[in-house]
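Engineer: Structure file final_17.pdb (PDB, C-alpha atoms) is given on the next line.
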```pdb
MODEL        1
ATOM      1  CA  MET A1410     141.371 147.296 116.646
ATOM      2  CA  THR A1411     142.858 143.879 116.012
ATOM      3  CA  SER A1412     140.528 142.291 118.576
ATOM      4  CA  ILE A1413     137.508 143.897 116.919
ATOM      5  CA  ILE A1414     138.536 142.525 113.513
ATOM      6  CA  LYS A1415     139.049 139.059 115.030
ATOM      7  CA  SER A1416     135.651 139.187 116.709
ATOM      8  CA  GLU A1417     133.928 140.149 113.441
ATOM      9  CA  ALA A1418     135.781 137.383 111.610
ATOM     10  CA  PHE A1419     134.739 134.885 114.297
ATOM     11  CA  LEU A1420     131.106 135.948 114.010
ATOM     12  CA  ALA A1421     131.189 135.651 110.217
ATOM     13  CA  GLU A1422     132.769 132.191 110.445
ATOM     14  CA  GLU A1423     130.200 131.022 113.016
ATOM     15  CA  ALA A1424     127.296 132.359 110.915
ATOM     16  CA  ALA A1425     128.599 130.569 107.824
ATOM     17  CA  THR A1426     129.105 127.354 109.791
ATOM     18  CA  ALA A1427     125.568 127.513 111.197
ATOM     19  CA  ALA A1428     124.046 128.242 107.783
ATOM     20  CA  VAL A1429     125.748 125.354 105.975
ATOM     21  CA  VAL A1430     124.581 121.960 107.172
ATOM     22  CA  VAL A1431     126.380 118.999 105.638
ATOM     23  CA  PRO A1432     125.247 115.551 106.857
ATOM     24  CA  GLY A1433     128.073 113.703 108.582
ATOM     25  CA  ARG A1434     130.463 116.650 108.645
ATOM     26  CA  ASN A1435     129.006 119.195 111.034
ATOM     27  CA  ARG A1436     128.398 116.765 113.871
ATOM     28  CA  GLY A1437     131.840 117.198 115.436
ATOM     29  CA  ARG A1438     132.000 120.953 115.099
ATOM     30  CA  ARG A1439     131.466 123.105 118.121
ATOM     31  CA  LYS A1440     128.251 125.065 118.247
ATOM     32  CA  SER A1441     128.276 128.808 118.112
ATOM     33  CA  PRO A1442     127.640 130.382 121.501
ATOM     34  CA  TYR A1443     125.247 132.783 119.797
ATOM     35  CA  GLN A1444     122.892 129.996 118.663
ATOM     36  CA  ALA A1445     121.735 129.235 122.218
ATOM     37  CA  VAL A1446     121.149 132.852 123.182
ATOM     38  CA  LYS A1447     117.485 133.650 123.803
ATOM     39  CA  VAL A1448     116.057 137.122 124.026
ATOM     40  CA  LYS A1449     114.740 137.708 127.503
ATOM     41  CA  GLU A1450     111.091 138.638 127.562
ATOM     42  CA  THR A1451     110.082 141.627 129.588
ATOM     43  CA  ARG A1452     106.964 141.845 131.701
ATOM     44  CA  ALA A1453     105.328 143.962 129.022
ATOM     45  CA  ASP A1454     106.030 141.262 126.407
ATOM     46  CA  ARG A1455     104.577 138.532 128.600
ATOM     47  CA  ALA A1456     101.532 140.672 129.387
ATOM     48  CA  PHE A1457     100.983 141.319 125.678
ATOM     49  CA  VAL A1458     101.216 137.603 124.824
ATOM     50  CA  ILE A1459      98.836 136.630 127.629
ATOM     51  CA  THR A1460      96.360 139.326 126.600
ATOM     52  CA  ALA A1461      96.538 138.206 122.971
ATOM     53  CA  TYR A1462      95.840 134.590 123.944
ATOM     54  CA  VAL A1463      92.930 135.592 126.158
ATOM     55  CA  LEU A1464      91.350 137.748 123.438
ATOM     56  CA  LEU A1465      91.852 135.059 120.796
ATOM     57  CA  THR A1466      90.268 132.484 123.087
ATOM     58  CA  ILE A1467      87.272 134.755 123.650
ATOM     59  CA  PHE A1468      86.892 135.328 119.895
ATOM     60  CA  LEU A1469      87.156 131.569 119.325
ATOM     61  CA  PHE A1470      84.285 130.880 121.698
ATOM     62  CA  VAL A1471      82.235 133.731 120.225
ATOM     63  CA  VAL A1472      82.526 132.115 116.784
ATOM     64  CA  LEU A1473      82.511 128.460 117.807
ATOM     65  CA  LEU A1474      79.625 128.320 120.275
ATOM     66  CA  PRO A1475      76.909 129.459 117.801
ATOM     67  CA  LEU A1476      78.196 126.887 115.307
ATOM     68  CA  LEU A1477      78.036 124.156 117.928
ATOM     69  CA  ASN A1478      74.496 125.206 118.784
ATOM     70  CA  ILE A1479      73.440 125.042 115.129
ATOM     71  CA  VAL A1480      75.023 121.619 114.590
ATOM     72  CA  ALA A1481      73.547 120.260 117.838
ATOM     73  CA  SER A1482      70.099 121.597 116.938
ATOM     74  CA  SER A1483      70.270 120.038 113.468
ATOM     75  CA  LEU A1484      70.869 116.617 115.067
ATOM     76  CA  SER A1485      68.155 116.932 117.730
ATOM     77  CA  SER A1486      64.489 116.008 117.679
ATOM     78  CA  PRO A1487      61.998 118.626 116.439
ATOM     79  CA  ARG A1488      60.284 118.833 119.827
ATOM     80  CA  ALA A1489      63.588 119.443 121.631
ATOM     81  CA  VAL A1490      64.525 122.198 119.187
ATOM     82  CA  SER A1491      61.162 123.969 119.416
ATOM     83  CA  SER A1492      61.124 123.810 123.212
ATOM     84  CA  GLY A1493      64.618 125.290 123.492
ATOM     85  CA  GLN A1494      66.204 122.275 125.194
ATOM     86  CA  VAL A1495      69.237 122.173 122.880
ATOM     87  CA  LEU A1496      72.345 124.114 123.826
ATOM     88  CA  PHE A1497      75.658 122.675 122.629
ATOM     89  CA  TRP A1498      74.857 118.970 122.606
ATOM     90  CA  PRO A1499      72.137 117.133 120.642
ATOM     91  CA  VAL A1500      68.991 116.039 122.468
ATOM     92  CA  ASP A1501      67.299 112.847 121.218
ATOM     93  CA  ILE A1502      69.726 112.492 118.318
ATOM     94  CA  THR A1503      68.045 112.105 114.942
ATOM     95  CA  PHE A1504      68.888 112.767 111.304
ATOM     96  CA  ARG A1505      65.345 113.658 110.391
ATOM     97  CA  GLY A1506      66.232 117.271 109.698
ATOM     98  CA  TYR A1507      68.780 116.289 107.062
ATOM     99  CA  THR A1508      66.419 113.704 105.596
ATOM    100  CA  GLU A1509      63.674 116.298 105.221
ATOM    101  CA  ALA A1510      66.091 118.890 103.861
ATOM    102  CA  LEU A1511      67.594 116.557 101.261
ATOM    103  CA  SER A1512      64.131 115.473 100.163
ATOM    104  CA  ASN A1513      62.909 119.058  99.743
ATOM    105  CA  PRO A1514      62.949 119.923  96.010
ATOM    106  CA  ALA A1515      63.502 123.639  96.666
ATOM    107  CA  ILE A1516      66.611 122.979  98.769
ATOM    108  CA  ILE A1517      68.055 120.490  96.271
ATOM    109  CA  ARG A1518      67.414 122.894  93.400
ATOM    110  CA  GLY A1519      68.917 125.810  95.327
ATOM    111  CA  PHE A1520      71.981 123.762  96.259
ATOM    112  CA  ALA A1521      72.569 122.787  92.625
ATOM    113  CA  ASN A1522      72.171 126.407  91.526
ATOM    114  CA  SER A1523      74.632 127.597  94.176
ATOM    115  CA  VAL A1524      77.204 125.030  93.067
ATOM    116  CA  PHE A1525      76.799 126.179  89.462
ATOM    117  CA  TYR A1526      77.080 129.870  90.326
ATOM    118  CA  THR A1527      80.098 129.236  92.552
ATOM    119  CA  VAL A1528      82.073 127.090  90.105
ATOM    120  CA  VAL A1529      81.308 129.003  86.914
ATOM    121  CA  GLY A1530      81.387 132.399  88.609
ATOM    122  CA  THR A1531      84.752 131.693  90.226
ATOM    123  CA  LEU A1532      86.253 130.612  86.896
ATOM    124  CA  ILE A1533      84.964 133.764  85.191
ATOM    125  CA  SER A1534      86.133 136.012  88.035
ATOM    126  CA  VAL A1535      89.626 134.510  88.291
ATOM    127  CA  ALA A1536      90.133 134.631  84.522
ATOM    128  CA  GLY A1537      88.910 138.229  84.341
ATOM    129  CA  THR A1538      91.018 139.327  87.317
ATOM    130  CA  ILE A1539      94.219 137.874  85.838
ATOM    131  CA  ALA A1540      93.390 139.297  82.411
ATOM    132  CA  ILE A1541      93.191 142.785  83.957
ATOM    133  CA  ALA A1542      95.957 142.543  86.556
ATOM    134  CA  TYR A1543      98.691 141.008  84.380
ATOM    135  CA  PRO A1544      98.839 143.771  81.733
ATOM    136  CA  LEU A1545      98.595 146.468  84.410
ATOM    137  CA  SER A1546     101.577 144.942  86.223
ATOM    138  CA  ARG A1547     103.834 145.337  83.173
ATOM    139  CA  GLN A1548     105.905 148.493  83.084
ATOM    140  CA  ASN A1549     105.822 148.755  79.278
ATOM    141  CA  LEU A1550     102.017 149.009  79.019
ATOM    142  CA  PHE A1551     101.039 152.338  77.477
ATOM    143  CA  GLY A1552      98.678 154.313  79.720
ATOM    144  CA  ARG A1553      99.102 151.890  82.617
ATOM    145  CA  LYS A1554      98.798 154.547  85.320
ATOM    146  CA  VAL A1555      95.663 156.067  83.814
ATOM    147  CA  ILE A1556      93.956 152.676  83.503
ATOM    148  CA  THR A1557      95.004 151.698  87.024
ATOM    149  CA  GLY A1558      93.581 154.960  88.367
ATOM    150  CA  ALA A1559      90.300 154.297  86.554
ATOM    151  CA  VAL A1560      90.114 150.795  88.043
ATOM    152  CA  VAL A1561      90.789 152.063  91.571
ATOM    153  CA  PHE A1562      88.212 154.852  91.057
ATOM    154  CA  THR A1563      85.476 152.221  90.625
ATOM    155  CA  MET A1564      86.371 150.815  94.042
ATOM    156  CA  LEU A1565      86.019 154.197  95.744
ATOM    157  CA  PHE A1566      82.936 155.428  93.891
ATOM    158  CA  SER A1567      80.037 153.403  92.482
ATOM    159  CA  GLY A1568      76.712 154.235  90.912
ATOM    160  CA  GLY A1569      74.680 152.355  93.504
ATOM    161  CA  VAL A1570      72.040 149.663  93.440
ATOM    162  CA  ILE A1571      69.456 151.335  91.189
ATOM    163  CA  PRO A1572      71.859 152.211  88.331
ATOM    164  CA  MET A1573      73.269 148.682  88.507
ATOM    165  CA  TYR A1574      69.763 147.244  88.275
ATOM    166  CA  LEU A1575      68.979 149.452  85.281
ATOM    167  CA  VAL A1576      72.162 148.335  83.529
ATOM    168  CA  VAL A1577      71.345 144.667  84.111
ATOM    169  CA  GLN A1578      67.801 145.274  82.884
ATOM    170  CA  SER A1579      68.950 147.112  79.740
ATOM    171  CA  LEU A1580      71.317 144.235  78.905
ATOM    172  CA  GLY A1581      68.466 141.743  79.137
ATOM    173  CA  LEU A1582      70.070 139.792  81.985
ATOM    174  CA  LEU A1583      67.140 139.882  84.402
ATOM    175  CA  ASP A1584      65.869 136.449  85.393
ATOM    176  CA  THR A1585      68.854 134.715  83.780
ATOM    177  CA  ARG A1586      71.869 132.950  85.240
ATOM    178  CA  TRP A1587      74.147 135.621  83.766
ATOM    179  CA  SER A1588      72.753 138.152  86.225
ATOM    180  CA  MET A1589      74.474 136.168  88.985
ATOM    181  CA  LEU A1590      77.766 135.781  87.104
ATOM    182  CA  LEU A1591      78.585 139.031  85.294
ATOM    183  CA  PRO A1592      77.577 142.194  87.237
ATOM    184  CA  ASN A1593      80.022 141.597  90.126
ATOM    185  CA  ALA A1594      82.446 139.286  88.384
ATOM    186  CA  ILE A1595      85.561 141.421  88.950
ATOM    187  CA  GLY A1596      86.664 142.650  92.344
ATOM    188  CA  VAL A1597      88.980 145.661  92.345
ATOM    189  CA  TRP A1598      90.649 144.529  95.556
ATOM    190  CA  GLN A1599      91.484 141.170  93.984
ATOM    191  CA  VAL A1600      92.887 142.972  90.935
ATOM    192  CA  ILE A1601      95.170 145.042  93.168
ATOM    193  CA  ILE A1602      96.369 141.921  94.997
ATOM    194  CA  ALA A1603      97.154 140.213  91.687
ATOM    195  CA  MET A1604      99.005 143.281  90.379
ATOM    196  CA  VAL A1605     101.173 143.429  93.488
ATOM    197  CA  PHE A1606     101.955 139.717  93.195
ATOM    198  CA  PHE A1607     102.961 139.927  89.530
ATOM    199  CA  ARG A1608     105.202 142.916  90.226
ATOM    200  CA  SER A1609     106.915 141.695  93.382
ATOM    201  CA  SER A1610     107.139 137.925  92.947
ATOM    202  CA  ILE A1611     108.154 137.556  89.306
ATOM    203  CA  PRO A1612     111.435 139.331  88.365
ATOM    204  CA  ASP A1613     111.668 141.403  85.203
ATOM    205  CA  GLU A1614     114.597 139.231  84.093
ATOM    206  CA  VAL A1615     112.176 136.320  83.671
ATOM    207  CA  TYR A1616     110.064 138.334  81.233
ATOM    208  CA  GLU A1617     113.130 139.560  79.371
ATOM    209  CA  ALA A1618     114.563 136.045  79.015
ATOM    210  CA  ALA A1619     111.247 134.745  77.696
ATOM    211  CA  GLN A1620     110.987 137.600  75.182
ATOM    212  CA  LEU A1621     114.543 136.918  73.975
ATOM    213  CA  ASP A1622     113.484 133.328  73.334
ATOM    214  CA  GLY A1623     110.671 134.626  71.126
ATOM    215  CA  ALA A1624     107.759 133.953  73.488
ATOM    216  CA  SER A1625     104.652 136.061  73.048
ATOM    217  CA  GLU A1626     102.898 137.784  75.950
ATOM    218  CA  LEU A1627     100.147 135.167  75.947
ATOM    219  CA  ARG A1628     102.676 132.345  76.032
ATOM    220  CA  ILE A1629     104.589 134.044  78.863
ATOM    221  CA  LEU A1630     101.374 134.349  80.838
ATOM    222  CA  TRP A1631     100.336 130.730  80.234
ATOM    223  CA  THR A1632     103.668 128.910  80.620
ATOM    224  CA  ILE A1633     105.578 131.085  83.096
ATOM    225  CA  VAL A1634     103.364 133.457  85.065
ATOM    226  CA  LEU A1635     100.406 131.206  85.872
ATOM    227  CA  PRO A1636     102.492 128.251  87.161
ATOM    228  CA  LEU A1637     104.339 130.658  89.469
ATOM    229  CA  ALA A1638     101.073 132.287  90.569
ATOM    230  CA  LYS A1639      99.398 129.215  92.111
ATOM    231  CA  PRO A1640      99.276 130.766  95.609
ATOM    232  CA  LEU A1641      97.714 133.918  94.176
ATOM    233  CA  ILE A1642      95.138 131.960  92.161
ATOM    234  CA  ALA A1643      94.227 129.918  95.246
ATOM    235  CA  VAL A1644      93.686 133.048  97.342
ATOM    236  CA  ILE A1645      91.541 134.981  94.882
ATOM    237  CA  ALA A1646      89.639 131.831  93.854
ATOM    238  CA  LEU A1647      88.732 131.178  97.491
ATOM    239  CA  MET A1648      87.665 134.817  97.911
ATOM    240  CA  TYR A1649      85.435 134.695  94.848
ATOM    241  CA  ALA A1650      84.038 131.262  95.736
ATOM    242  CA  ILE A1651      83.006 132.377  99.220
ATOM    243  CA  MET A1652      81.467 135.547  97.799
ATOM    244  CA  GLN A1653      79.515 133.618  95.160
ATOM    245  CA  TRP A1654      78.366 130.920  97.564
ATOM    246  CA  ASN A1655      77.088 133.403 100.149
ATOM    247  CA  SER A1656      75.569 135.820  97.639
ATOM    248  CA  TYR A1657      71.825 136.249  97.912
ATOM    249  CA  PHE A1658      71.253 139.993  97.455
ATOM    250  CA  ASP A1659      71.935 139.822  93.706
ATOM    251  CA  ALA A1660      69.531 136.899  93.419
ATOM    252  CA  LEU A1661      66.959 138.827  95.420
ATOM    253  CA  MET A1662      67.153 141.733  92.949
ATOM    254  CA  TYR A1663      67.618 139.977  89.624
ATOM    255  CA  LEU A1664      65.887 136.583  89.906
ATOM    256  CA  ARG A1665      62.161 135.965  90.067
ATOM    257  CA  ASN A1666      62.174 132.428  88.707
ATOM    258  CA  ALA A1667      62.352 129.972  91.618
ATOM    259  CA  ASP A1668      64.189 127.462  89.413
ATOM    260  CA  LEU A1669      67.184 129.839  89.207
ATOM    261  CA  GLN A1670      67.409 130.907  92.839
ATOM    262  CA  PRO A1671      70.487 129.828  94.852
ATOM    263  CA  LEU A1672      70.452 128.024  98.167
ATOM    264  CA  GLN A1673      71.032 131.233 100.134
ATOM    265  CA  LEU A1674      67.755 132.673  98.873
ATOM    266  CA  VAL A1675      65.942 129.451  99.770
ATOM    267  CA  LEU A1676      67.556 129.610 103.202
ATOM    268  CA  ARG A1677      66.392 133.204 103.560
ATOM    269  CA  GLY A1678      62.846 132.038 102.913
ATOM    270  CA  LEU A1679      63.171 129.414 105.637
ATOM    271  CA  LEU A1680      64.749 131.680 108.245
ATOM    272  CA  ILE A1681      62.870 134.938 107.671
ATOM    273  CA  LEU A1682      59.671 134.132 105.833
ATOM    274  CA  ASN A1683      59.103 130.684 107.441
ATOM    275  CA  ASP A1684      58.407 129.311 103.977
ATOM    276  CA  THR A1685      58.482 125.524 104.298
ATOM    277  CA  GLY A1686      56.251 124.694 101.363
ATOM    278  CA  ALA A1687      53.709 123.114 103.714
ATOM    279  CA  GLY A1688      49.956 123.506 103.482
ATOM    280  CA  GLY A1689      47.420 124.068 106.205
ATOM    281  CA  GLY A1690      45.716 121.542 108.482
ATOM    282  CA  ASP A1691      44.478 121.104 112.028
ATOM    283  CA  VAL A1692      46.253 122.525 115.058
ATOM    284  CA  THR A1693      48.214 119.334 115.780
ATOM    285  CA  GLU A1694      49.401 119.086 112.212
ATOM    286  CA  GLN A1695      50.363 122.756 112.162
ATOM    287  CA  LEU A1696      52.322 122.328 115.414
ATOM    288  CA  ARG A1697      54.129 119.302 113.991
ATOM    289  CA  ARG A1698      55.000 121.194 110.837
ATOM    290  CA  ARG A1699      56.139 124.169 112.907
ATOM    291  CA  GLU A1700      58.508 121.970 114.897
ATOM    292  CA  LEU A1701      59.780 120.382 111.683
ATOM    293  CA  ALA A1702      60.285 123.835 110.140
ATOM    294  CA  ASP A1703      62.460 124.888 113.088
ATOM    295  CA  LEU A1704      64.577 121.751 112.681
ATOM    296  CA  LEU A1705      64.757 122.256 108.927
ATOM    297  CA  LYS A1706      66.257 125.714 109.383
ATOM    298  CA  TYR A1707      69.235 124.412 111.335
ATOM    299  CA  SER A1708      69.804 121.485 108.977
ATOM    300  CA  THR A1709      69.749 123.773 105.958
ATOM    301  CA  VAL A1710      72.253 126.155 107.588
ATOM    302  CA  VAL A1711      74.649 123.239 108.118
ATOM    303  CA  ILE A1712      74.161 122.034 104.532
ATOM    304  CA  ALA A1713      74.905 125.558 103.282
ATOM    305  CA  THR A1714      78.078 125.765 105.393
ATOM    306  CA  VAL A1715      79.651 122.368 104.694
ATOM    307  CA  PRO A1716      80.797 122.914 101.045
ATOM    308  CA  MET A1717      83.149 125.794 101.915
ATOM    309  CA  LEU A1718      84.550 123.800 104.844
ATOM    310  CA  VAL A1719      85.221 120.888 102.496
ATOM    311  CA  VAL A1720      86.898 123.018  99.826
ATOM    312  CA  TYR A1721      89.219 124.951 102.141
ATOM    313  CA  PRO A1722      91.650 122.087 103.033
ATOM    314  CA  PHE A1723      92.467 121.597  99.347
ATOM    315  CA  VAL A1724      93.611 125.200  98.924
ATOM    316  CA  ALA A1725      94.998 125.730 102.437
ATOM    317  CA  LYS A1726      98.610 124.970 101.450
ATOM    318  CA  TYR A1727      98.464 127.663  98.771
ATOM    319  CA  PHE A1728      96.364 130.007 100.874
ATOM    320  CA  ASN A1729      98.969 130.174 103.661
ATOM    321  CA  LYS A1730     101.558 131.349 101.121
ATOM    322  CA  GLY A1731      99.322 133.557  99.059
ATOM    323  CA  ILE A1732      97.838 135.388 102.048
ATOM    324  CA  MET A1733     101.209 137.171 102.378
ATOM    325  CA  VAL A1734     100.885 138.613  98.874
ATOM    326  CA  GLY A1735     101.685 142.302  99.057
ATOM    327  CA  ALA A1736     103.329 142.061 102.483
ATOM    328  CA  VAL A1737     106.534 143.954 103.181
ATOM    329  CA  LYS A1738     109.558 141.809 102.440
ATOM    330  CA  GLY A1739     112.898 142.351 104.096
TER     331      GLY A1739
ENDMDL
END
```
I'd like the structure from this file rewritten - as structure tokens, please.
Structural biologist:
Amino acid sequence: MTSIIKSEAFLAEEAATAAVVVPGRNRGRRKSPYQAVKVKETRADRAFVITAYVLLTIFLFVVLLPLLNIVASSLSSPRAVSSGQVLFWPVDITFRGYTEALSNPAIIRGFANSVFYTVVGTLISVAGTIAIAYPLSRQNLFGRKVITGAVVFTMLFSGGVIPMYLVVQSLGLLDTRWSMLLPNAIGVWQVIIAMVFFRSSIPDEVYEAAQLDGASELRILWTIVLPLAKPLIAVIALMYAIMQWNSYFDALMYLRNADLQPLQLVLRGLLILNDTGAGGGDVTEQLRRRELADLLKYSTVVIATVPMLVVYPFVAKYFNKGIMVGAVKG
């Protein structure tokens, strides 16, 4: 019994010594024998790790190779692209595709519209999500469970495309920018993520201390909750931004004015409808325009992809933390 108590005391002392690191003091202390112990991997563990790496490598190539082909094609000559000579490396490198794309008024207009819809739509969506999720995360909200159930119900059951179109039409939003910003501004999944974050990451004692100091709910939200919720805001903002940037179905239903259409709808016209804005001509001219149209498709795809790749590094440090929102904590 005495030896067991001594062993437990030794383990506690070693754990405390390993946890406290004081510069200049812990250098001469002996290391705990338990710090160097490594768990021996079994054959099943090694097989699982190897299989995971193999599958991840395959998925990487499945995603990466088409991107490399698109980038290589956008930097190749029109004749090489049309003849299928380009694989993963440019042939007869040229920037003509980007020059033609950036000089095309429809592409420039669509790019500007997409930037507007993404920035303004993300601001509206993030503000609306926090405005819904914060009150629902408070325990003292009257009817919180009923309202939460109603919000979740809209995620499970929806009216469909035709009722949504009729609602947008009755509100007079057809062929306006608001039709791209309001109908799908709030995502129920994002609301649930925000609710979980507010409940699990911000203690009730913080709210109580702020209320004792005389702070209102709006002041608590602005000065305490939002500064602590930067990872959450980064995650849901990136979700909404990607959704807004890639959205074309709403524009296809609600927008008829070409001046309001986003880049994704212009890209759809290039890829599916072969709409290059070019007129007719002789066979040689038509062949030249056909080759240029094929090159223009790849260049426009790259232009449509770059903005999200540029934005991600700025929110990556918050995204890595916020992606664990709602995870089980031990």
Engineer: Using only C-alpha atoms, which residues sit within 9 Å of Gly1596 (chain A) once same-chain residues fewer than 6 positions away are excluded, as a ChimeraX atom specification?
Structural biologist: /A:1534,1538,1564,1649
Engineer: Hey, could you make a per-residue contact list for region 1502-1591 of chain A against region 1704-1726 of chain A with 7 Å as the cut-off, showing the nearest pair of atoms and its distance in Å to one decimal, counting only C-alpha atoms, sorted by chain and number, as a tab-separated table?
Structural biologist:
```
residue	atom	partner	partner_atom	distance
A:Gly1506	CA	A:Leu1705	CA	5.3
A:Tyr1507	CA	A:Ser1708	CA	5.6
A:Ala1510	CA	A:Leu1705	CA	6.2
```
Engineer: Measuring between all atoms listed in the file, which one of A:Phe1470, A:Leu1532, A:Ala1521, A:Ser1486 shows the shortest distance to Ala1643 (chain A)?
Structural biologist: A:Leu1532
Engineer: Closest to Phe1520 (chain A) among A:Asp1501, A:Asp1584, A:Glu1614, A:Asp1668, using all atoms listed in the file?
Structural biologist: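 Of A:Asp1501, A:Asp1584, A:Glu1614, A:Asp1668, the one nearest Phe1520 (chain A) is A:Asp1668, counting all atoms listed in the file.
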Engineer: Draw an axis-aligned box tight on the listed atoms of region 1709-1719 of chain A, then pad every side by 5 Å and write out centre and edge lengths in Å to one decimal as JSON.
Structural biologist:
```
{"center_x": 77.5, "center_y": 123.5, "center_z": 104.6, "size_x": 25.5, "size_y": 15.3, "size_z": 17.1}
```
Engineer: Quick one, how far is CA of Val1495 (chain A) from CA of Leu1674 (chain A)?
Structural biologist: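 Going from CA of Val1495 (chain A) over to CA of Leu1674 (chain A), I get 26.2 Å.
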Engineer: Quick check, in Å to one decimal: how far apart do CA of Met1662 (chain A) and CA of Gly1678 (chain A) lie?
Structural biologist: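 CA of Gly1678 (chain A) lies 14.6 Å from CA of Met1662 (chain A).
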Engineer: Which of these residues is nearest to Ile1539 (chain A), using all atoms listed in the file: A:Gln1599, A:Thr1557, A:Asn1522, A:Asn1666?
Structural biologist: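 Of all the options, A:Gln1599 lies closest to Ile1539 (chain A).
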Engineer: Going by the chain IDs and residue numbers used in this file, which residues fall under the PyMOL selection byres ((chain A and resi 1543) around 9)? Write them as a PDB file with C-alpha atoms, in the coordinates of the input.
Structural biologist:
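out21.pdb was written with the following content:
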```pdb
ATOM      1  CA  THR A1538      91.018 139.327  87.317  1.00  0.00           C
ATOM      2  CA  ILE A1539      94.219 137.874  85.838  1.00  0.00           C
ATOM      3  CA  ALA A1540      93.390 139.297  82.411  1.00  0.00           C
ATOM      4  CA  ILE A1541      93.191 142.785  83.957  1.00  0.00           C
ATOM      5  CA  ALA A1542      95.957 142.543  86.556  1.00  0.00           C
ATOM      6  CA  PRO A1544      98.839 143.771  81.733  1.00  0.00           C
ATOM      7  CA  LEU A1545      98.595 146.468  84.410  1.00  0.00           C
ATOM      8  CA  SER A1546     101.577 144.942  86.223  1.00  0.00           C
ATOM      9  CA  ARG A1547     103.834 145.337  83.173  1.00  0.00           C
ATOM     10  CA  VAL A1600      92.887 142.972  90.935  1.00  0.00           C
ATOM     11  CA  ALA A1603      97.154 140.213  91.687  1.00  0.00           C
ATOM     12  CA  MET A1604      99.005 143.281  90.379  1.00  0.00           C
ATOM     13  CA  PHE A1607     102.961 139.927  89.530  1.00  0.00           C
ATOM     14  CA  ARG A1608     105.202 142.916  90.226  1.00  0.00           C
ATOM     15  CA  LEU A1630     101.374 134.349  80.838  1.00  0.00           C
ATOM     16  CA  VAL A1634     103.364 133.457  85.065  1.00  0.00           C
TER      17      VAL A1634
END
```
Engineer: Kindly indicate which residue among A:Leu1701, A:Leu1664, A:Leu1676, A:Val1597 lies nearest to Pro1487 (chain A), using only C-alpha atoms for the distances.
Structural biologist: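 Closest to Pro1487 (chain A) of all the choices is A:Leu1701.
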Engineer: Return as a list of chain:residue names the set of residues that the PyMOL selection byres ((chain A and resi 1586-1589) around 9) yields on the displayed structure.
Structural biologist: A:Tyr1526, A:Gly1530, A:Val1577, A:Leu1582, A:Leu1583, A:Asp1584, A:Thr1585, A:Leu1590, A:Leu1591, A:Pro1592, A:Asn1593, A:Ala1594, A:Gln1653, A:Ser1656, A:Asp1659, A:Ala1660, A:Tyr1663, A:Leu1664, A:Leu1669
Engineer: Closest to Ile1602 (chain A) among A:Gly1623, A:Pro1640, A:Pro1499, A:Gly1581, using all atoms listed in the file?
Structural biologist: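 Result for the nearest residue to Ile1602 (chain A): A:Pro1640.
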Engineer: Determine, using all atoms listed in the file, which residues of region 1597-1693 of chain A have any atom at most 8 Å from an atom of region 1514-1518 of chain A, and tabulate each with its shortest atom pair and distance in Å to one decimal place, rows ordered by chain and then rising number, as JSON lines.
Structural biologist:
```
{"residue": "A:Asp1668", "atom": "CA", "partner": "A:Arg1518", "partner_atom": "CA", "distance": 6.9}
{"residue": "A:Pro1671", "atom": "CA", "partner": "A:Arg1518", "partner_atom": "CA", "distance": 7.7}
{"residue": "A:Leu1672", "atom": "CA", "partner": "A:Ile1516", "partner_atom": "CA", "distance": 6.4}
{"residue": "A:Val1675", "atom": "CA", "partner": "A:Ile1516", "partner_atom": "CA", "distance": 6.6}
```
Engineer: Would you compute the distance between CA of Tyr1657 (chain A) and CA of Ile1681 (chain A)? Give it in Å to one decimal.
Structural biologist: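 Going from CA of Tyr1657 (chain A) over to CA of Ile1681 (chain A), I get 13.3 Å.
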Engineer: Take the point (71.1, 122.9, 126.2) as written in the file and pick out every residue within 12 Å of it, counting all atoms listed in the file; give the list as a PyMOL selection string.
Structural biologist: chain A and resi 1474+1477-1479+1481-1482+1485+1489-1490+1492-1501
Engineer: Put region 1635-1642 of chain A into a file with N, CA and C atoms, as a PDB file, in the first residue's frame.
Structural biologist:
```pdb
ATOM      1  N   LEU A1635     -18.658  39.558 -30.126  1.00  0.00           N
ATOM      2  CA  LEU A1635     -18.064  39.599 -31.460  1.00  0.00           C
ATOM      3  C   LEU A1635     -16.537  39.535 -31.448  1.00  0.00           C
ATOM      4  N   PRO A1636     -15.836  40.249 -30.545  1.00  0.00           N
ATOM      5  CA  PRO A1636     -14.372  40.073 -30.516  1.00  0.00           C
ATOM      6  C   PRO A1636     -13.930  38.654 -30.196  1.00  0.00           C
ATOM      7  N   LEU A1637     -14.714  37.936 -29.376  1.00  0.00           N
ATOM      8  CA  LEU A1637     -14.370  36.552 -29.056  1.00  0.00           C
ATOM      9  C   LEU A1637     -14.792  35.581 -30.153  1.00  0.00           C
ATOM     10  N   ALA A1638     -15.620  36.045 -31.073  1.00  0.00           N
ATOM     11  CA  ALA A1638     -16.175  35.162 -32.113  1.00  0.00           C
ATOM     12  C   ALA A1638     -15.488  35.340 -33.463  1.00  0.00           C
ATOM     13  N   LYS A1639     -14.256  35.851 -33.481  1.00  0.00           N
ATOM     14  CA  LYS A1639     -13.559  36.034 -34.761  1.00  0.00           C
ATOM     15  C   LYS A1639     -13.388  34.735 -35.538  1.00  0.00           C
ATOM     16  N   PRO A1640     -13.018  33.621 -34.899  1.00  0.00           N
ATOM     17  CA  PRO A1640     -12.944  32.367 -35.674  1.00  0.00           C
ATOM     18  C   PRO A1640     -14.279  31.966 -36.289  1.00  0.00           C
ATOM     19  N   LEU A1641     -15.358  32.140 -35.529  1.00  0.00           N
ATOM     20  CA  LEU A1641     -16.683  31.814 -36.047  1.00  0.00           C
ATOM     21  C   LEU A1641     -17.033  32.694 -37.239  1.00  0.00           C
ATOM     22  N   ILE A1642     -16.804  34.006 -37.105  1.00  0.00           N
ATOM     23  CA  ILE A1642     -17.130  34.936 -38.187  1.00  0.00           C
ATOM     24  C   ILE A1642     -16.332  34.599 -39.434  1.00  0.00           C
TER      25      ILE A1642
END
```
